[in-house]
file model.txt (compact mmCIF, C-alpha atoms and all ligand atoms)
# COMPACT_ATOMS: atom_id res chain seq x y z
CA MET A 291 110.21 115.30 96.95
CA ARG A 292 107.46 113.06 95.48
CA THR A 293 108.76 110.32 93.15
CA LYS A 294 107.40 110.62 89.65
CA ARG A 295 109.35 107.74 88.13
CA VAL A 296 110.43 104.23 88.99
CA THR A 297 114.21 103.94 88.97
CA ILE A 298 115.56 100.53 88.01
CA HIS A 299 119.17 99.87 88.92
CA ASP A 300 121.64 97.33 87.53
CA GLU A 301 121.02 94.86 90.33
CA ASP A 302 117.21 95.08 90.28
CA ARG A 303 114.93 92.24 89.23
CA VAL A 304 111.46 93.34 88.16
CA PHE A 305 108.28 91.30 88.69
CA VAL A 306 105.24 92.61 86.76
CA LEU A 307 101.64 91.53 87.39
CA THR A 308 99.04 92.71 84.89
CA GLY A 309 95.25 92.50 84.87
CA ALA A 310 92.40 93.37 82.53
CA GLY A 311 93.12 97.12 82.83
CA VAL A 312 96.33 96.82 80.79
CA SER A 313 94.24 95.79 77.77
CA ALA A 314 91.44 98.34 78.37
CA GLU A 315 93.01 100.91 76.04
CA SER A 316 93.09 98.22 73.33
CA GLY A 317 89.30 98.14 73.56
CA LEU A 318 88.96 94.90 75.57
CA ALA A 319 86.41 95.01 78.39
CA THR A 320 87.56 94.57 81.99
CA PHE A 321 85.61 92.25 84.32
CA ARG A 322 84.24 94.43 87.07
CA GLY A 323 82.57 97.84 87.03
CA SER A 324 79.94 99.17 84.64
CA ASP A 325 80.15 97.60 81.15
CA GLY A 326 82.45 94.94 82.63
CA LEU A 327 82.35 91.36 81.35
CA TRP A 328 80.70 90.16 84.54
CA GLU A 329 77.88 92.71 84.16
CA GLY A 330 76.14 90.68 81.44
CA GLU A 331 77.12 87.23 82.77
CA ARG A 332 77.19 85.49 86.11
CA ILE A 333 80.73 84.28 86.86
CA GLU A 334 79.44 80.87 87.86
CA ASP A 335 77.66 80.42 84.51
CA VAL A 336 80.66 80.97 82.25
CA ALA A 337 83.78 80.69 84.40
CA SER A 338 83.36 77.66 86.63
CA PRO A 339 83.53 73.88 86.13
CA ARG A 340 79.89 73.70 87.24
CA GLY A 341 78.83 76.25 84.59
CA TRP A 342 80.68 74.20 81.97
CA GLN A 343 78.96 70.95 83.00
CA HIS A 344 75.58 72.67 83.02
CA ASP A 345 75.78 74.59 79.71
CA PRO A 346 78.94 74.18 77.56
CA GLU A 347 77.23 75.98 74.69
CA ARG A 348 76.86 79.16 76.75
CA VAL A 349 80.48 78.91 77.94
CA TRP A 350 81.86 78.48 74.39
CA ARG A 351 79.70 81.35 73.15
CA PHE A 352 81.19 83.61 75.85
CA TYR A 353 84.80 82.64 75.04
CA SER A 354 84.16 82.75 71.27
CA LEU A 355 83.09 86.39 71.63
CA ARG A 356 86.23 87.07 73.62
CA ARG A 357 88.40 85.32 70.99
CA LYS A 358 86.83 87.51 68.33
CA ALA A 359 87.38 90.73 70.33
CA ALA A 360 91.00 89.84 71.17
CA ALA A 361 91.80 88.91 67.56
CA GLU A 362 90.58 92.34 66.45
CA ALA A 363 92.46 94.25 69.18
CA GLU A 364 95.99 95.64 68.96
CA PRO A 365 98.61 96.08 71.71
CA ASN A 366 98.55 99.58 73.24
CA PRO A 367 101.40 101.75 74.62
CA ALA A 368 101.20 99.94 77.99
CA HIS A 369 101.97 96.54 76.40
CA ASN A 370 104.66 98.17 74.25
CA SER A 371 106.35 99.86 77.24
CA LEU A 372 106.59 96.56 79.10
CA ALA A 373 108.10 94.84 76.06
CA LYS A 374 110.61 97.69 75.76
CA LEU A 375 111.51 97.39 79.45
CA GLU A 376 112.07 93.65 78.98
CA SER A 377 114.37 94.33 76.03
CA LYS A 378 116.53 96.47 78.36
CA LEU A 379 116.49 94.16 81.39
CA GLY A 380 116.59 90.73 79.72
CA ASN A 381 116.04 87.94 82.22
CA ARG A 382 115.89 90.41 85.12
CA PHE A 383 112.33 91.05 83.92
CA PHE A 384 109.41 88.67 84.52
CA LEU A 385 105.79 89.24 83.54
CA CYS A 386 102.89 87.36 85.08
CA THR A 387 99.55 88.21 83.51
CA GLN A 388 96.06 87.33 84.66
CA ASN A 389 94.89 88.15 81.15
CA VAL A 390 94.04 85.45 78.66
CA ASP A 391 94.52 87.65 75.55
CA ASP A 392 97.81 87.55 73.63
CA LEU A 393 98.51 91.29 73.47
CA HIS A 394 101.67 91.11 75.61
CA GLU A 395 103.19 88.55 73.23
CA ARG A 396 102.13 90.55 70.20
CA ALA A 397 103.86 93.63 71.70
CA GLY A 398 107.08 91.59 71.99
CA SER A 399 107.07 90.31 75.61
CA ARG A 400 108.74 86.90 75.90
CA ASN A 401 109.52 86.20 79.55
CA LEU A 402 105.87 85.85 80.59
CA VAL A 403 103.34 83.40 81.97
CA HIS A 404 99.53 83.41 81.75
CA MET A 405 98.40 82.36 85.22
CA HIS A 406 94.71 82.19 84.19
CA GLY A 407 95.31 80.39 80.89
CA GLU A 408 95.22 81.47 77.25
CA LEU A 409 92.22 82.41 75.14
CA PHE A 410 93.69 80.98 71.93
CA GLN A 411 94.33 77.56 73.43
CA SER A 412 91.95 74.66 74.02
CA CYS A 413 92.31 71.42 75.96
CA CYS A 414 90.34 68.27 76.72
CA GLU A 415 87.97 68.38 79.67
CA ARG A 416 88.86 64.81 80.55
CA CYS A 417 92.35 63.58 79.59
CA GLU A 418 95.93 64.83 79.93
CA ARG A 419 96.30 65.79 76.27
CA ALA A 420 98.50 68.92 76.04
CA PRO A 421 96.69 72.24 75.38
CA TYR A 422 96.91 73.28 71.74
CA VAL A 423 96.51 76.47 69.69
CA ASP A 424 92.87 76.98 68.72
CA THR A 425 91.36 80.11 67.19
CA LYS A 426 87.96 78.64 66.29
CA LEU A 427 84.66 80.26 67.23
CA PHE A 428 81.90 77.97 68.48
CA GLU A 429 78.43 79.42 68.08
CA SER A 430 76.42 76.25 68.69
CA LYS A 431 76.74 72.89 70.40
CA ALA A 432 76.75 71.08 67.06
CA GLU A 433 80.12 72.71 66.24
CA HIS A 434 81.89 71.65 69.44
CA ASP A 435 85.03 69.55 69.12
CA PHE A 436 85.69 66.29 70.94
CA CYS A 437 88.97 64.65 71.90
CA ASN A 438 89.93 61.10 70.82
CA CYS A 439 89.16 60.02 74.40
CA GLY A 440 85.54 61.20 73.99
CA GLY A 441 85.93 64.26 76.25
CA ARG A 442 84.61 67.61 75.08
CA ILE A 443 87.20 70.23 74.09
CA ARG A 444 87.10 73.26 76.44
CA PRO A 445 88.90 76.62 76.58
CA ASN A 446 92.31 76.39 78.30
CA ILE A 447 91.20 78.97 80.87
CA VAL A 448 91.53 78.70 84.66
CA TRP A 449 88.01 78.89 86.08
CA PHE A 450 86.98 79.73 89.63
CA GLY A 451 87.72 76.76 91.84
CA GLU A 452 90.63 75.61 89.60
CA VAL A 453 94.33 76.01 90.38
CA PRO A 454 96.16 78.83 88.52
CA PHE A 455 98.95 77.79 86.14
CA HIS A 456 102.73 78.27 86.60
CA MET A 457 102.58 78.88 90.37
CA GLU A 458 106.00 77.32 91.01
CA ARG A 459 107.72 79.69 88.56
CA ILE A 460 105.71 82.63 89.92
CA PHE A 461 106.83 81.90 93.50
CA GLU A 462 110.42 81.63 92.36
CA GLU A 463 110.25 85.05 90.67
CA LEU A 464 108.35 86.59 93.60
CA HIS A 465 111.08 85.38 95.87
CA ARG A 466 113.91 87.06 93.97
CA CYS A 467 112.38 90.32 92.71
CA THR A 468 113.45 93.70 94.09
CA VAL A 469 110.80 95.76 92.27
CA MET A 470 107.16 94.83 91.75
CA LEU A 471 104.87 96.60 89.27
CA VAL A 472 101.17 95.78 89.42
CA ILE A 473 99.10 97.18 86.57
CA GLY A 474 95.35 97.37 85.93
CA THR A 475 93.93 94.82 88.35
CA SER A 476 91.26 95.41 90.99
CA GLY A 477 93.17 93.46 93.65
CA VAL A 478 90.29 91.20 94.64
CA VAL A 479 91.00 87.86 92.92
CA GLN A 480 93.30 85.46 94.76
CA PRO A 481 96.07 84.42 94.69
CA ALA A 482 97.23 87.37 92.51
CA ALA A 483 95.83 89.93 94.98
CA SER A 484 98.25 88.59 97.60
CA PHE A 485 101.45 88.85 95.54
CA VAL A 486 102.11 92.37 96.84
CA HIS A 487 101.70 91.16 100.45
CA TRP A 488 104.10 88.26 99.85
CA ALA A 489 106.63 90.65 98.30
CA ASN A 490 106.27 93.02 101.26
CA GLU A 491 106.93 90.20 103.69
CA ARG A 492 110.42 89.63 102.37
CA TYR A 493 113.46 91.78 101.81
CA SER A 494 115.30 91.85 98.50
CA THR A 495 118.61 90.04 98.13
CA GLY A 496 120.31 93.40 98.79
CA GLY A 497 118.64 93.50 102.20
CA ALA A 498 116.30 96.33 101.18
CA PRO A 499 112.51 96.12 101.18
CA VAL A 500 110.98 95.20 97.82
CA ARG A 501 109.62 98.39 96.16
CA THR A 502 106.01 97.83 95.08
CA TYR A 503 104.10 100.10 92.67
CA TYR A 504 100.53 100.08 91.38
CA ILE A 505 99.54 101.73 88.08
CA GLY A 506 95.88 102.34 87.14
CA PRO A 507 93.15 104.99 87.06
CA GLU A 508 91.72 104.04 90.46
CA HIS A 509 93.06 102.57 93.68
CA PRO A 510 92.77 98.77 93.86
CA ALA A 511 91.30 96.98 96.91
CA ASN A 512 94.85 96.27 98.17
CA ALA A 513 96.19 99.82 97.51
CA ALA A 514 97.46 100.29 101.08
CA ALA A 515 100.07 97.56 100.54
CA PHE A 516 101.96 99.46 97.81
CA THR A 517 104.98 101.73 98.23
CA LYS A 518 103.28 104.08 95.77
CA VAL A 519 100.24 104.24 93.49
CA PHE A 520 100.65 105.98 90.10
CA GLU A 521 97.17 107.10 89.14
CA GLY A 522 96.21 107.11 85.47
CA PRO A 523 95.57 104.89 82.46
CA ALA A 524 98.47 102.44 81.99
CA GLY A 525 98.94 103.48 78.34
CA GLU A 526 99.58 107.05 79.44
CA VAL A 527 101.61 106.40 82.60
CA LEU A 528 103.92 103.52 81.57
CA PRO A 529 105.69 105.13 78.57
CA HIS A 530 107.18 107.79 80.91
CA LEU A 531 107.54 105.78 84.11
CA PHE A 532 110.90 104.00 83.97
CA ASP A 533 114.34 105.36 84.59
CA VAL A 534 116.65 102.46 83.80
CA ARG A 535 120.15 103.10 85.17
P1 LIG A 601 89.01 93.74 86.98
O1 LIG A 601 87.96 93.99 85.95
O2 LIG A 601 88.58 93.23 88.30
O3 LIG A 601 89.81 95.08 87.24
C1 LIG A 601 90.30 95.86 86.17
C2 LIG A 601 91.13 96.97 86.75
O4 LIG A 601 91.67 97.70 85.66
C3 LIG A 601 90.34 97.98 87.61
O5 LIG A 601 91.01 98.15 88.85
C4 LIG A 601 90.39 99.26 86.78
O6 LIG A 601 90.52 100.41 87.60
C5 LIG A 601 91.66 99.06 85.99
N1 LIG A 601 91.72 99.81 84.72
C6 LIG A 601 90.72 100.19 83.90
N2 LIG A 601 91.20 100.88 82.84
C7 LIG A 601 92.56 100.92 82.99
C8 LIG A 601 93.64 101.48 82.23
N3 LIG A 601 93.43 102.15 81.11
N4 LIG A 601 94.89 101.32 82.72
C9 LIG A 601 95.12 100.65 83.87
N5 LIG A 601 94.14 100.11 84.62
C10 LIG A 601 92.88 100.23 84.19
O7 LIG A 601 90.08 92.78 86.29
P2 LIG A 601 91.23 91.90 86.97
O8 LIG A 601 91.65 92.49 88.27
O9 LIG A 601 92.25 91.66 85.93
O10 LIG A 601 89.85 85.70 86.14
O11 LIG A 601 90.45 90.57 87.25
C11 LIG A 601 91.17 89.48 87.80
C12 LIG A 601 90.54 88.19 87.36
O12 LIG A 601 89.15 88.21 87.66
C13 LIG A 601 90.57 87.96 85.87
O13 LIG A 601 91.79 87.42 85.43
C14 LIG A 601 89.46 87.00 85.66
C15 LIG A 601 88.42 87.65 86.56
O14 LIG A 601 87.43 86.90 87.07
C16 LIG A 601 89.37 84.59 85.55
O15 LIG A 601 88.61 84.61 84.59
C17 LIG A 601 89.88 83.32 86.16
call {"tool": "encode", "arguments": {"input": "model.txt", "output": "structure tokens"}}
result
Amino acid sequence: MRTKRVTIHDEDRVFVLTGAGVSAESGLATFRGSDGLWEGERIEDVASPRGWQHDPERVWRFYSLRRKAAAEAEPNPAHNSLAKLESKLGNRFFLCTQNVDDLHERAGSRNLVHMHGELFQSCCERCERAPYVDTKLFESKAEHDFCNCGGRIRPNIVWFGEVPFHMERIFEELHRCTVMLVIGTSGVVQPAASFVHWANERYSTGGAPVRTYYIGPEHPANAAAFTKVFEGPAGEVLPHLFDVR
């Protein structure tokens, strides 16, 4: 019989990885594909340290537009279902998102990390000053903020060529999960694209293989690595997916 649901038992620990697709039904553009964010922009221009050095005005304009879109968006049933699952599982649930929007938090998720940074945070390009909450929009260079050290304030986003945040915690959770849910990500950006392979390489603490599931309307590049792919928009699939025992 084909499984239609993901059963979560008392002893299970769930690791969730989300990508841009989980926020698509909230009206936020994904990166790849037609109408994607990278259609109008070259990645290296707006999401790399070199792009920032070359044209900070262009970079801030790009992230200001994204701040505006995220502030106007609302969590969708996919975000809500994950928050509900967390409320049932407590600390047996861990969410790692590649997204920089705050829709998971606004849906009620708490045990989560943003491996690619947070849209509503800024930091100094130069010194160790801690990232801080920042909702400002920067349309022109004249409006840019500077740190006390003289460095320019930049978005607290992980750009290509930079090291993702929270990797130690992510490894710890990858090492102890028994169920992995990957939602709305094309499976091409590393290291997140390899999480399913790392999970497959180990057995759960119960000695069983880790069960790995993908949820999204199309198969990701790493689809073959999953125990099962649930095809469909996350906001339609997730509300009916879990059977928590
Ligand atoms: P992509 O734009 O590469 O992929 C989005 C995925 O979401 C695709 O596989 C779509 O099929 C899927 N999708 C679309 N609508 C969906 C829906 N309603 N429900 C579920 N899935 C849906 O975005 P990511 O894989 O998240 O990094 O991109 C990974 C990273 O690449 C981003 O975090 C960003 C980008 O460059 C940085 O900026 C550092």
call {"tool": "residues_near_ligand", "arguments": {"input": "model.txt", "ligand": "ligand LIG 601 (chain A)", "cutoff": "7 Å", "atoms": "all atoms listed in the file", "output": "compact mmCIF listing (two decimals) with C-alpha atoms, keeping the file's coordinate frame"}}
result
# COMPACT_ATOMS: atom_id res chain seq x y z
CA THR A 308 99.04 92.71 84.89
CA GLY A 309 95.25 92.50 84.87
CA ALA A 310 92.40 93.37 82.53
CA GLY A 311 93.12 97.12 82.83
CA VAL A 312 96.33 96.82 80.79
CA ALA A 314 91.44 98.34 78.37
CA GLU A 315 93.01 100.91 76.04
CA THR A 320 87.56 94.57 81.99
CA PHE A 321 85.61 92.25 84.32
CA ARG A 322 84.24 94.43 87.07
CA GLY A 323 82.57 97.84 87.03
CA GLY A 326 82.45 94.94 82.63
CA ALA A 337 83.78 80.69 84.40
CA GLN A 388 96.06 87.33 84.66
CA ASN A 389 94.89 88.15 81.15
CA HIS A 406 94.71 82.19 84.19
CA ILE A 447 91.20 78.97 80.87
CA VAL A 448 91.53 78.70 84.66
CA TRP A 449 88.01 78.89 86.08
CA PHE A 450 86.98 79.73 89.63
CA ILE A 473 99.10 97.18 86.57
CA GLY A 474 95.35 97.37 85.93
CA THR A 475 93.93 94.82 88.35
CA SER A 476 91.26 95.41 90.99
CA GLY A 477 93.17 93.46 93.65
CA VAL A 478 90.29 91.20 94.64
CA VAL A 479 91.00 87.86 92.92
CA ILE A 505 99.54 101.73 88.08
CA GLY A 506 95.88 102.34 87.14
CA PRO A 507 93.15 104.99 87.06
CA GLU A 508 91.72 104.04 90.46
CA HIS A 509 93.06 102.57 93.68
CA PRO A 510 92.77 98.77 93.86
CA GLY A 522 96.21 107.11 85.47
CA PRO A 523 95.57 104.89 82.46
CA ALA A 524 98.47 102.44 81.99
CA GLY A 525 98.94 103.48 78.34
call {"tool": "closest_residue", "arguments": {"input": "model.txt", "among": "A:Arg416, A:His530, A:Phe305, A:Leu427", "to": "A:Phe461", "atoms": "all atoms listed in the file"}}
result
A:Phe305
call {"tool": "residues_around", "arguments": {"input": "model.txt", "residues": "A:Pro346", "least_positions_apart": "6", "cutoff": "12 Å", "atoms": "all atoms listed in the file", "output": "PyMOL selection string"}}
result
chain A and resi 335-340+352-354+415+428-435+442-445
call {"tool": "atom_distance", "arguments": {"input": "model.txt", "atom1": "atom CA of A:Asn512", "atom2": "atom CA of A:Leu464"}}
result
17.2 Å
call {"tool": "residues_around", "arguments": {"input": "model.txt", "residues": "A:Phe384", "least_positions_apart": "5", "cutoff": "12 Å", "atoms": "all atoms listed in the file", "output": "PyMOL selection string"}}
result
chain A and resi 302-308+372-373+375-377+379+399-404+459-472
call {"tool": "residues_around", "arguments": {"input": "model.txt", "residues": "A:Leu531", "least_positions_apart": "6", "cutoff": "10 Å", "atoms": "only C-alpha atoms", "output": "CSV table (one decimal) with C-alpha atoms, keeping the file's coordinate frame"}}
result
chain,number,residue,atom,x,y,z
A,294,LYS,CA,107.4,110.6,89.6
A,295,ARG,CA,109.4,107.7,88.1
A,296,VAL,CA,110.4,104.2,89.0
A,297,THR,CA,114.2,103.9,89.0
A,371,SER,CA,106.4,99.9,77.2
A,505,ILE,CA,99.5,101.7,88.1
A,520,PHE,CA,100.6,106.0,90.1
A,524,ALA,CA,98.5,102.4,82.0
call {"tool": "decode", "arguments": {"input": "model.txt", "residues": "stretch 440-459 of chain A", "atoms": "N, CA, C and O atoms", "output": "PDB file, in the first residue's frame"}}
result
ATOM      1  N   GLY A 440      33.020  52.918  11.394  1.00  0.00           N
ATOM      2  CA  GLY A 440      33.195  53.476  10.043  1.00  0.00           C
ATOM      3  C   GLY A 440      32.747  52.529   8.942  1.00  0.00           C
ATOM      4  O   GLY A 440      32.615  52.923   7.784  1.00  0.00           O
ATOM      5  N   GLY A 441      32.501  51.251   9.313  1.00  0.00           N
ATOM      6  CA  GLY A 441      32.053  50.270   8.310  1.00  0.00           C
ATOM      7  C   GLY A 441      30.613  50.550   7.885  1.00  0.00           C
ATOM      8  O   GLY A 441      29.823  51.090   8.655  1.00  0.00           O
ATOM      9  N   ARG A 442      30.294  50.154   6.658  1.00  0.00           N
ATOM     10  CA  ARG A 442      28.924  50.335   6.172  1.00  0.00           C
ATOM     11  C   ARG A 442      28.032  49.218   6.745  1.00  0.00           C
ATOM     12  O   ARG A 442      28.476  48.078   6.897  1.00  0.00           O
ATOM     13  N   ILE A 443      26.810  49.562   7.083  1.00  0.00           N
ATOM     14  CA  ILE A 443      25.845  48.560   7.572  1.00  0.00           C
ATOM     15  C   ILE A 443      25.302  47.785   6.369  1.00  0.00           C
ATOM     16  O   ILE A 443      24.919  48.373   5.360  1.00  0.00           O
ATOM     17  N   ARG A 444      25.301  46.440   6.485  1.00  0.00           N
ATOM     18  CA  ARG A 444      24.858  45.558   5.400  1.00  0.00           C
ATOM     19  C   ARG A 444      23.734  44.639   5.895  1.00  0.00           C
ATOM     20  O   ARG A 444      23.550  44.484   7.110  1.00  0.00           O
ATOM     21  N   PRO A 445      23.003  44.009   4.992  1.00  0.00           N
ATOM     22  CA  PRO A 445      21.995  43.032   5.437  1.00  0.00           C
ATOM     23  C   PRO A 445      22.678  41.844   6.099  1.00  0.00           C
ATOM     24  O   PRO A 445      23.769  41.437   5.668  1.00  0.00           O
ATOM     25  N   ASN A 446      22.053  41.284   7.144  1.00  0.00           N
ATOM     26  CA  ASN A 446      22.636  40.110   7.816  1.00  0.00           C
ATOM     27  C   ASN A 446      22.203  38.839   7.067  1.00  0.00           C
ATOM     28  O   ASN A 446      21.484  37.991   7.588  1.00  0.00           O
ATOM     29  N   ILE A 447      22.658  38.756   5.821  1.00  0.00           N
ATOM     30  CA  ILE A 447      22.303  37.660   4.922  1.00  0.00           C
ATOM     31  C   ILE A 447      23.601  36.943   4.553  1.00  0.00           C
ATOM     32  O   ILE A 447      24.634  37.598   4.357  1.00  0.00           O
ATOM     33  N   VAL A 448      23.520  35.606   4.454  1.00  0.00           N
ATOM     34  CA  VAL A 448      24.697  34.838   4.024  1.00  0.00           C
ATOM     35  C   VAL A 448      24.749  34.867   2.499  1.00  0.00           C
ATOM     36  O   VAL A 448      23.834  34.393   1.832  1.00  0.00           O
ATOM     37  N   TRP A 449      25.814  35.455   1.968  1.00  0.00           N
ATOM     38  CA  TRP A 449      25.949  35.533   0.513  1.00  0.00           C
ATOM     39  C   TRP A 449      26.799  34.374  -0.003  1.00  0.00           C
ATOM     40  O   TRP A 449      27.482  33.687   0.762  1.00  0.00           O
ATOM     41  N   PHE A 450      26.757  34.166  -1.309  1.00  0.00           N
ATOM     42  CA  PHE A 450      27.551  33.101  -1.916  1.00  0.00           C
ATOM     43  C   PHE A 450      29.026  33.351  -1.616  1.00  0.00           C
ATOM     44  O   PHE A 450      29.505  34.476  -1.730  1.00  0.00           O
ATOM     45  N   GLY A 451      29.681  32.283  -1.154  1.00  0.00           N
ATOM     46  CA  GLY A 451      31.089  32.408  -0.778  1.00  0.00           C
ATOM     47  C   GLY A 451      31.243  32.627   0.721  1.00  0.00           C
ATOM     48  O   GLY A 451      32.350  32.573   1.247  1.00  0.00           O
ATOM     49  N   GLU A 452      30.133  32.872   1.456  1.00  0.00           N
ATOM     50  CA  GLU A 452      30.203  33.044   2.910  1.00  0.00           C
ATOM     51  C   GLU A 452      29.705  31.763   3.597  1.00  0.00           C
ATOM     52  O   GLU A 452      29.001  30.953   2.984  1.00  0.00           O
ATOM     53  N   VAL A 453      30.082  31.622   4.865  1.00  0.00           N
ATOM     54  CA  VAL A 453      29.745  30.379   5.586  1.00  0.00           C
ATOM     55  C   VAL A 453      28.354  30.492   6.214  1.00  0.00           C
ATOM     56  O   VAL A 453      28.078  31.468   6.918  1.00  0.00           O
ATOM     57  N   PRO A 454      27.462  29.506   5.945  1.00  0.00           N
ATOM     58  CA  PRO A 454      26.125  29.550   6.551  1.00  0.00           C
ATOM     59  C   PRO A 454      26.200  29.595   8.080  1.00  0.00           C
ATOM     60  O   PRO A 454      27.153  29.103   8.687  1.00  0.00           O
ATOM     61  N   PHE A 455      25.157  30.173   8.687  1.00  0.00           N
ATOM     62  CA  PHE A 455      25.092  30.303  10.144  1.00  0.00           C
ATOM     63  C   PHE A 455      24.614  28.990  10.795  1.00  0.00           C
ATOM     64  O   PHE A 455      23.944  28.179  10.150  1.00  0.00           O
ATOM     65  N   HIS A 456      24.920  28.843  12.084  1.00  0.00           N
ATOM     66  CA  HIS A 456      24.366  27.791  12.956  1.00  0.00           C
ATOM     67  C   HIS A 456      24.728  26.370  12.523  1.00  0.00           C
ATOM     68  O   HIS A 456      23.991  25.421  12.838  1.00  0.00           O
ATOM     69  N   MET A 457      25.834  26.182  11.821  1.00  0.00           N
ATOM     70  CA  MET A 457      26.138  24.841  11.297  1.00  0.00           C
ATOM     71  C   MET A 457      26.371  23.806  12.402  1.00  0.00           C
ATOM     72  O   MET A 457      26.010  22.644  12.244  1.00  0.00           O
ATOM     73  N   GLU A 458      26.925  24.258  13.538  1.00  0.00           N
ATOM     74  CA  GLU A 458      27.193  23.289  14.617  1.00  0.00           C
ATOM     75  C   GLU A 458      25.873  22.699  15.137  1.00  0.00           C
ATOM     76  O   GLU A 458      25.714  21.488  15.269  1.00  0.00           O
ATOM     77  N   ARG A 459      24.928  23.580  15.391  1.00  0.00           N
ATOM     78  CA  ARG A 459      23.592  23.150  15.881  1.00  0.00           C
ATOM     79  C   ARG A 459      22.907  22.272  14.825  1.00  0.00           C
ATOM     80  O   ARG A 459      22.298  21.241  15.153  1.00  0.00           O
TER      81      ARG A 459
END
